[in-house]
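Worksheet: one structure, shown below.
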Amino acid sequence: MSTGIALAHARFELPLRHVFTIARGSVAVQETFIVQLGEGGERGYGEATTNPFYGQSIARMAAAAERVRPILAGATTDDLEATLGRVAAALPDEPFARCALDMALHDLAARRAGRGLAAWWGLDRSRGPVSNFTIGIDTIAVMREKLAAASDWPIYKIKLGTADDLEIVRELRRHTDRPFRVDANCGWSAEQAIALSRPLADLGVEFIEQPLPPGDPAMAEVFRRSALPVFADESCAAEGDVDGCAGRFHGINIKLVKCGGLAPARRMIARARDLGLAVMVGCMTESTVGISALAQLVPLLDHVDMDGAALLAADIASGVRVVAGRATFPDRTGTGVELLGGALSTTSRADGT
Ligand code: MG
């Protein structure tokens, strides 16, 4: 008999190895929101990193989590589906907070069942793609150093959207034969995307992520004329966005924080498959808490970007480790996460109130 789910949350800072730059800004320390849910002597963990582009702060996520404290107090992970549904219904405009709560609920439910999460879903976690390593925008010399420092990774995702995009890829190609994928983060026009696609294909690039800003009607033309497959990221934030990607993109890159966690991500994967879209899941510089949840989905994917924790100078948790693109799972239930500083106090609140 359950006595409800106890909520605690905390703010952590994740120092990055390198200042990370994409087409719209830079970050040196990533702030992150960690949720801990307890039921029947077990604890589950979830995470969402803050993101000014999406208006997501610690205060906002903490306030959202507090709104569902009473719901959780009267709920159980014995009926995970129902509890996830009630949390989602209470926080329709809070995908980041929902993501942290959804991960923690899944982790907790699988732990209470005594299973790893992927196995609890019936997935074989030895299957699935290896992860790329992301190289953020910098001077060409620094991007070359980042590539050299990650020389054991099997695939590289190169952030573009600069005045020297082809030059960057040509220079990096001189130092490795491994596949590249590129992410323009909305930084190109349709003409640029189409014109760049052929030389990028010749340089061993597999696909282009989000060439144009979301909603740009020229995406259908890029889809028809690009020499490379195009993947949606900013254009495919939530469940309702998947259908609109058919005929405009060849695949989608799902971010757990943007769609609200593992349950919506699994529904998006299923819908994308129905529409014939390829599927990737990407990360947002999460710690091992978020990456360990993401890693459970890998058997369902064509591509994965789960280098988040590998970009950190210091982590806050142990769990799934991604080394040279491959995930190693700890011999633990749920997502396998344990906070390095020990469990949060049951009265811990990320906003300090
Ligand atoms: Mg992207």
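Here, A, B, ... name the chains of the structure tokens in the order displayed, residue numbers run from 1 inside each chain, and ligands are numbered from 1 in the same displayed order.
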Within 8 Å of ligand 1 (only C-alpha atoms and all ligand atoms), residues as number ranges by chain: A: 183-185, 209-210, 232-234, 253, 282
Non-local contacts of range 128-136 of chain A (7 Å; only C-alpha atoms; under 4 positions in same chain excluded) as a PyMOL selection string: chain A and resi 20-22+143+146+153-159+298-307+325-326
DSSP strand (DSSP E) residues within range 146-286 of chain A, as a VMD selection string: chain A and resid 156 to 159 180 to 183 205 to 209 230 to 232 251 to 255 278 to 282
Test item, helix (DSSP H, G or I) assignment across range 5-74 of chain A, answer as a ChimeraX atom specification: /A:52-54,58-67,69-73
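Rounded to one decimal, CA of Ala238 in chain A and CA of Val87 in chain A lie 16.3 Å from each other.
Among A:Arg60, A:Leu172, A:Asp177, A:Phe223, the residue with the shortest atom-to-atom distance to Ala190 in chain A, counting only C-alpha atoms, is A:Phe223.
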Spatial neighbours of Leu212 in chain A, max dist 9 Å, only C-alpha atoms, sep filter under 3 positions, as a PyMOL selection string: chain A and resi 184-190+193+215-216+218-219+235
Check which residues of range 216-317 of chain A sit at most 12 Å from range 41-49 of chain A using only C-alpha atoms, and return one row each with the closest pair of atoms and their distance in Å to one decimal, ordered by chain and rising number, as a Markdown table.
| residue | atom | partner | partner_atom | distance |
| --- | --- | --- | --- | --- |
| A:Lys255 | CA | A:Ala48 | CA | 10.5 |
| A:Leu256 | CA | A:Ala48 | CA | 8.4 |
| A:Val257 | CA | A:Ala48 | CA | 5.9 |
| A:Lys258 | CA | A:Ala48 | CA | 9.4 |
| A:Cys259 | CA | A:Ala48 | CA | 11.3 |
| A:Gly260 | CA | A:Ala48 | CA | 9.5 |
| A:Gly261 | CA | A:Gly46 | CA | 9.2 |
| A:Leu262 | CA | A:Gly46 | CA | 10.4 |
| A:Cys283 | CA | A:Thr49 | CA | 9.8 |
| A:Met284 | CA | A:Thr49 | CA | 7.0 |
| A:Thr285 | CA | A:Thr49 | CA | 7.4 |
| A:Glu286 | CA | A:Thr49 | CA | 6.2 |
| A:Ser287 | CA | A:Glu47 | CA | 8.0 |
| A:Thr288 | CA | A:Glu47 | CA | 9.2 |
| A:Val289 | CA | A:Glu47 | CA | 6.2 |
| A:Gly290 | CA | A:Glu47 | CA | 5.2 |
| A:Ile291 | CA | A:Glu47 | CA | 9.0 |
| A:Ser292 | CA | A:Gly46 | CA | 9.3 |
| A:Ala293 | CA | A:Gly46 | CA | 7.7 |
| A:Leu294 | CA | A:Gly46 | CA | 10.5 |
| A:Gly308 | CA | A:Thr49 | CA | 10.7 |
| A:Ala309 | CA | A:Thr49 | CA | 11.9 |
| A:Ile316 | CA | A:Glu47 | CA | 11.2 |
| A:Ala317 | CA | A:Tyr45 | CA | 10.1 |
Written file, previous selection with C-alpha atoms, as an mmCIF file, in the first residue's frame:
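The new file out-v7.cif reads:
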data_model
loop_
_atom_site.group_PDB
_atom_site.id
_atom_site.type_symbol
_atom_site.label_atom_id
_atom_site.label_comp_id
_atom_site.auth_asym_id
_atom_site.auth_seq_id
_atom_site.Cartn_x
_atom_site.Cartn_y
_atom_site.Cartn_z
ATOM 1 C CA LYS A 255 14.709 16.610 -26.906
ATOM 2 C CA LEU A 256 13.229 15.264 -23.682
ATOM 3 C CA VAL A 257 13.047 18.685 -22.008
ATOM 4 C CA LYS A 258 11.131 20.194 -24.905
ATOM 5 C CA CYS A 259 8.556 17.424 -25.294
ATOM 6 C CA GLY A 260 8.077 16.795 -21.568
ATOM 7 C CA GLY A 261 9.982 13.567 -20.911
ATOM 8 C CA LEU A 262 10.157 9.878 -21.750
ATOM 9 C CA CYS A 283 20.481 16.113 -25.225
ATOM 10 C CA MET A 284 20.806 19.622 -23.825
ATOM 11 C CA THR A 285 24.053 19.404 -21.800
ATOM 12 C CA GLU A 286 22.389 17.400 -19.047
ATOM 13 C CA SER A 287 24.337 15.681 -16.281
ATOM 14 C CA THR A 288 24.409 11.897 -15.940
ATOM 15 C CA VAL A 289 20.913 12.136 -14.370
ATOM 16 C CA GLY A 290 19.296 13.154 -17.670
ATOM 17 C CA ILE A 291 21.648 11.162 -19.884
ATOM 18 C CA SER A 292 20.905 7.945 -17.947
ATOM 19 C CA ALA A 293 17.187 8.420 -18.686
ATOM 20 C CA LEU A 294 17.813 9.223 -22.350
ATOM 21 C CA GLY A 308 25.901 15.886 -22.527
ATOM 22 C CA ALA A 309 27.664 14.516 -19.468
ATOM 23 C CA ILE A 316 26.739 15.408 -10.132
ATOM 24 C CA ALA A 317 25.688 11.763 -10.479
#
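CA of Val230 in chain A lies 23.4 Å from CA of Ala295 in chain A.
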Long-range neighbours of Thr176 in chain A as a ChimeraX atom specification, 12 Å cut-off, only C-alpha atoms, 2 positions minimum in chain: /A:144,147-148,150-156,169-174,178-180,203-204
Please produce a file of the residues just selected, as a PDB file, in the first residue's frame, where the atoms kept are C-alpha atoms.
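File written: out_3.pdb
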ATOM      1  CA  ARG A 144      40.086  21.207 -34.446  1.00  0.00           C
ATOM      2  CA  LEU A 147      37.890  17.104 -32.372  1.00  0.00           C
ATOM      3  CA  ALA A 148      41.376  15.916 -31.428  1.00  0.00           C
ATOM      4  CA  ALA A 150      37.425  13.538 -28.629  1.00  0.00           C
ATOM      5  CA  SER A 151      39.276  11.381 -31.158  1.00  0.00           C
ATOM      6  CA  ASP A 152      37.837   8.149 -29.703  1.00  0.00           C
ATOM      7  CA  TRP A 153      34.206   9.061 -30.567  1.00  0.00           C
ATOM      8  CA  PRO A 154      32.689   7.310 -33.624  1.00  0.00           C
ATOM      9  CA  ILE A 155      30.635  10.227 -35.067  1.00  0.00           C
ATOM     10  CA  TYR A 156      30.797  14.005 -34.735  1.00  0.00           C
ATOM     11  CA  VAL A 169      33.904  21.113 -42.185  1.00  0.00           C
ATOM     12  CA  ARG A 170      36.734  20.939 -44.748  1.00  0.00           C
ATOM     13  CA  GLU A 171      39.312  21.613 -42.047  1.00  0.00           C
ATOM     14  CA  LEU A 172      37.838  19.073 -39.596  1.00  0.00           C
ATOM     15  CA  ARG A 173      37.625  16.487 -42.401  1.00  0.00           C
ATOM     16  CA  ARG A 174      41.411  16.707 -42.811  1.00  0.00           C
ATOM     17  CA  ARG A 178      34.548   9.329 -39.221  1.00  0.00           C
ATOM     18  CA  PRO A 179      31.018  10.416 -40.148  1.00  0.00           C
ATOM     19  CA  PHE A 180      29.900  13.982 -39.539  1.00  0.00           C
ATOM     20  CA  LEU A 203      32.695  15.868 -47.203  1.00  0.00           C
ATOM     21  CA  GLY A 204      31.068  12.859 -45.532  1.00  0.00           C
TER      22      GLY A 204
END
Exercise: range 7-18 of chain A partners within 7 Å, only C-alpha atoms, chain neighbours under 2 positions left out, as a PyMOL selection string: chain A and resi 5+20+28-38+58+69+311-315+344+346-350
